[in-house]
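K.L.:
The structure follows.
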Amino acid sequence: QVQLVESGGGLVQAGGSLRLSCAASGLTFSNYAMGWFRQAPGKEREFVAGISRSGGRIYYLDSVKGRFTISRDNAKNAVYLQMNSLKPTDTAVYYCAAPSRRLSDYVPPAYEFDYWGQGTQVTVSS
């Protein structure tokens, strides 16, 4: 059974930083791309960042480019999202996700992600 457990959310002032972590179990982690999504109240879920299984290919949502960094540690079965220069518009519940299919070394589109964590709240105050 695949389990994804996020941590690291919280309340931060605009311009601050947070680092989200996701611990994965129940899958051969190094065989799967990973992703971070977010959903704000009343808004659709956004694909924020994705990383291929080797870490060699990365995707970012345009609005977070240059501020967020996704990384993974295959030895620790973990994926991270370093968030800098946070803005109030980054406020959302952030979810870690994984696809159910083992894929080649690329970042799949959002609809390929089938496994989800419980989410962690990020609140950025102005």
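Going by the structure tokens order, chains are called A, B, ..., each with residues numbered from 1, while ligands are numbered from 1 in the order shown.
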Quick one: residues within 7 Å of stretch 109-126 of chain A, only C-alpha atoms, excluding same-chain residues fewer than 2 positions away - as a PyMOL selection string?

P.N.:
chain A and resi 3-7+9-14+47+86-88+90-100+107

K.L.:
How about saving the chosen residues, N, CA, C and O atoms kept, as a short mmCIF file (atom, residue, chain, number, x, y, z; two decimals), in the first residue's frame?

P.N.:
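So selection.cif came out as:
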```cif
data_model
loop_
_atom_site.label_atom_id
_atom_site.label_comp_id
_atom_site.auth_asym_id
_atom_site.auth_seq_id
_atom_site.Cartn_x
_atom_site.Cartn_y
_atom_site.Cartn_z
N GLN A 3 1.94 4.89 0.67
CA GLN A 3 1.65 5.96 1.63
C GLN A 3 2.59 7.12 1.37
O GLN A 3 3.80 6.93 1.19
N LEU A 4 2.01 8.31 1.36
CA LEU A 4 2.76 9.55 1.20
C LEU A 4 2.40 10.45 2.37
O LEU A 4 1.22 10.74 2.58
N VAL A 5 3.40 10.88 3.11
CA VAL A 5 3.16 11.68 4.30
C VAL A 5 3.94 12.98 4.20
O VAL A 5 5.18 12.97 4.21
N GLU A 6 3.19 14.08 4.13
CA GLU A 6 3.82 15.41 4.03
C GLU A 6 4.06 15.99 5.42
O GLU A 6 3.35 15.68 6.38
N SER A 7 5.04 16.86 5.47
CA SER A 7 5.31 17.62 6.68
C SER A 7 5.99 18.92 6.29
O SER A 7 6.46 19.06 5.16
N GLY A 9 4.62 22.16 6.64
CA GLY A 9 3.79 23.33 6.41
C GLY A 9 3.71 24.20 7.64
O GLY A 9 4.23 23.86 8.71
N GLY A 10 3.07 25.35 7.49
CA GLY A 10 2.93 26.25 8.61
C GLY A 10 2.56 27.64 8.18
O GLY A 10 2.17 27.87 7.03
N LEU A 11 2.68 28.57 9.12
CA LEU A 11 2.37 29.98 8.89
C LEU A 11 3.68 30.75 8.76
O LEU A 11 4.57 30.63 9.62
N VAL A 12 3.78 31.54 7.72
CA VAL A 12 5.00 32.32 7.50
C VAL A 12 4.61 33.67 6.92
O VAL A 12 3.58 33.80 6.26
N GLN A 13 5.42 34.66 7.17
CA GLN A 13 5.18 35.98 6.61
C GLN A 13 5.63 36.02 5.15
O GLN A 13 6.51 35.26 4.74
N ALA A 14 5.03 36.92 4.41
CA ALA A 14 5.43 37.11 3.03
C ALA A 14 6.93 37.38 2.95
O ALA A 14 7.48 38.12 3.77
N PHE A 47 -0.70 21.93 -10.37
CA PHE A 47 0.53 21.12 -10.38
C PHE A 47 1.69 22.09 -10.19
O PHE A 47 2.05 22.82 -11.10
N LEU A 86 8.09 33.56 -0.34
CA LEU A 86 6.69 33.18 -0.36
C LEU A 86 5.78 34.41 -0.43
O LEU A 86 6.10 35.47 0.13
N LYS A 87 4.66 34.23 -1.12
CA LYS A 87 3.67 35.28 -1.30
C LYS A 87 2.33 34.81 -0.72
O LYS A 87 2.08 33.61 -0.64
N PRO A 88 1.48 35.76 -0.38
CA PRO A 88 0.14 35.35 0.11
C PRO A 88 -0.60 34.46 -0.89
O PRO A 88 -1.38 33.60 -0.48
N ASP A 90 0.56 32.09 -2.44
CA ASP A 90 1.02 30.71 -2.30
C ASP A 90 0.25 29.94 -1.23
O ASP A 90 0.44 28.73 -1.07
N THR A 91 -0.61 30.64 -0.50
CA THR A 91 -1.40 30.00 0.55
C THR A 91 -2.29 28.92 -0.03
O THR A 91 -3.05 29.16 -0.97
N ALA A 92 -2.17 27.71 0.50
CA ALA A 92 -2.92 26.57 -0.02
C ALA A 92 -2.59 25.34 0.82
O ALA A 92 -1.67 25.36 1.64
N VAL A 93 -3.33 24.29 0.58
CA VAL A 93 -2.93 22.97 1.08
C VAL A 93 -2.04 22.35 0.01
O VAL A 93 -2.41 22.30 -1.17
N TYR A 94 -0.89 21.90 0.42
CA TYR A 94 0.09 21.31 -0.50
C TYR A 94 0.08 19.79 -0.35
O TYR A 94 0.12 19.27 0.78
N TYR A 95 0.03 19.12 -1.49
CA TYR A 95 -0.05 17.67 -1.52
C TYR A 95 1.14 17.08 -2.26
O TYR A 95 1.53 17.56 -3.33
N CYS A 96 1.65 16.02 -1.72
CA CYS A 96 2.65 15.20 -2.39
C CYS A 96 1.90 14.12 -3.18
O CYS A 96 0.87 13.61 -2.72
N ALA A 97 2.42 13.79 -4.36
CA ALA A 97 1.72 12.82 -5.19
C ALA A 97 2.69 11.98 -5.99
O ALA A 97 3.82 12.42 -6.28
N ALA A 98 2.22 10.81 -6.37
CA ALA A 98 3.02 9.90 -7.19
C ALA A 98 2.12 9.25 -8.23
O ALA A 98 0.93 9.03 -7.98
N PRO A 99 2.67 8.94 -9.39
CA PRO A 99 1.88 8.23 -10.39
C PRO A 99 1.78 6.75 -10.02
O PRO A 99 2.61 6.23 -9.27
N SER A 100 0.78 6.08 -10.52
CA SER A 100 0.65 4.65 -10.25
C SER A 100 1.44 3.80 -11.23
O SER A 100 1.68 2.63 -10.99
N VAL A 107 8.90 13.82 -16.32
CA VAL A 107 7.85 14.26 -15.42
C VAL A 107 6.51 14.09 -16.14
O VAL A 107 6.28 14.72 -17.16
#
```

K.L.:
Tell me which protein, DNA and RNA residues are within 8 Å of A:Gln1, counting only C-alpha atoms, leaving out same-chain ones fewer than 5 positions away, and put them as a VMD selection string.

P.N.:
chain A and resid 25 to 27

K.L.:
Please save N, CA and C atoms of the selected residues as a PDB file, in the first residue's frame.

P.N.:
```pdb
ATOM      1  N   SER A  25       6.323   5.451   1.126  1.00  0.00           N
ATOM      2  CA  SER A  25       6.499   4.033   1.434  1.00  0.00           C
ATOM      3  C   SER A  25       5.527   3.219   0.596  1.00  0.00           C
ATOM      4  N   GLY A  26       5.820   1.936   0.476  1.00  0.00           N
ATOM      5  CA  GLY A  26       4.933   1.059  -0.277  1.00  0.00           C
ATOM      6  C   GLY A  26       5.195   1.038  -1.769  1.00  0.00           C
ATOM      7  N   LEU A  27       6.270   1.677  -2.197  1.00  0.00           N
ATOM      8  CA  LEU A  27       6.632   1.646  -3.604  1.00  0.00           C
ATOM      9  C   LEU A  27       8.151   1.705  -3.721  1.00  0.00           C
TER      10      LEU A  27
END
```

K.L.:
Pick from A:Asp62, A:Gly35, A:Val2, A:Thr89: nearest to A:Ala49, with only C-alpha atoms counted?

P.N.:
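Nearest candidate to A:Ala49 out of A:Asp62, A:Gly35, A:Val2, A:Thr89: A:Gly35.
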
K.L.:
I'd like the neighbourhood of A:Ala33 as an MDAnalysis selection string, where a residue qualifies if any of its atoms comes within 6 Å (using only C-alpha atoms), though same-chain residues fewer than 4 positions away should be ignored.

P.N.:
chainID A and resid 51:53

K.L.:
Include N, CA and C atoms and write out the residues we just selected as a CSV table (one decimal), in the first residue's frame.

P.N.:
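Output file selection.csv follows:
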```
chain,number,residue,atom,x,y,z
A,51,ILE,N,9.2,16.1,-10.5
A,51,ILE,CA,10.6,15.6,-10.6
A,51,ILE,C,10.6,14.2,-11.1
A,52,SER,N,11.4,13.9,-12.1
A,52,SER,CA,11.5,12.6,-12.7
A,52,SER,C,12.2,11.6,-11.7
A,53,ARG,N,12.1,10.4,-12.0
A,53,ARG,CA,12.6,9.4,-11.0
A,53,ARG,C,14.1,9.5,-10.7
```

K.L.:
I'd like the contact shell of A:Arg102 - 10 Å cut-off, only C-alpha atoms, skipping same-chain residues fewer than 6 positions apart - returned as a list in words.

P.N.:
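The filter keeps Thr28, Phe29, Ser30, Asn31, Tyr32, Ala33 and Arg53 of chain A.
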
K.L.:
So which bits of chain A end up strand (DSSP E) when you DSSP the backbone, as a ChimeraX atom specification?

P.N.:
/A:3-7,10-13,18-25,34-39,46-51,58-60,68-73,78-83,92-99,113-116,120-125

K.L.:
Could you name the residues that touch A:Tyr60 at 9 Å or less, counting only C-alpha atoms, but leaving out those on the same chain fewer than 5 positions away, as a ChimeraX atom specification?

P.N.:
/A:47-50,65,68-70

K.L.:
For A:Glu46, list every protein, DNA or RNA residue within 9 Å, evaluated using only C-alpha atoms, and leave out those in the same chain fewer than 2 positions away; present the list as an NGL selection string.

P.N.:
:A and (36-40 or 43-44 or 48 or 61 or 110)

K.L.:
Convert the current residue selection to file output with C-alpha atoms, as a PDB file, in the first residue's frame.

P.N.:
```pdb
ATOM      1  CA  TRP A  36       3.806  18.570  -5.483  1.00  0.00           C
ATOM      2  CA  PHE A  37       0.337  20.011  -5.988  1.00  0.00           C
ATOM      3  CA  ARG A  38      -1.591  22.694  -4.160  1.00  0.00           C
ATOM      4  CA  GLN A  39      -5.187  23.705  -3.754  1.00  0.00           C
ATOM      5  CA  ALA A  40      -6.436  26.978  -2.327  1.00  0.00           C
ATOM      6  CA  LYS A  43      -9.675  27.194  -6.597  1.00  0.00           C
ATOM      7  CA  GLU A  44      -8.675  24.270  -8.749  1.00  0.00           C
ATOM      8  CA  VAL A  48       3.273  23.093  -8.652  1.00  0.00           C
ATOM      9  CA  LEU A  61       4.450  26.022 -12.476  1.00  0.00           C
ATOM     10  CA  ALA A 110      -0.842  16.007 -13.749  1.00  0.00           C
TER      11      ALA A 110
END
```

K.L.:
Using only C-alpha atoms, pick whichever of A:Gly16, A:Ala24, A:Asn84, A:Arg57 has the shortest atom-to-atom distance to A:Ser71.

P.N.:
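Ranking A:Gly16, A:Ala24, A:Asn84, A:Arg57 by distance to A:Ser71, first place goes to A:Arg57.
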
K.L.:
When DSSP works through the backbone of this structure, what residues of chain A end up as helix (DSSP H, G or I), shown as a list in words?

P.N.:
Phe29, Ser30, Asn31, Asp62, Ser63, Val64, Pro88, Thr89, Asp90, Ala110, Tyr111 and Glu112 of chain A
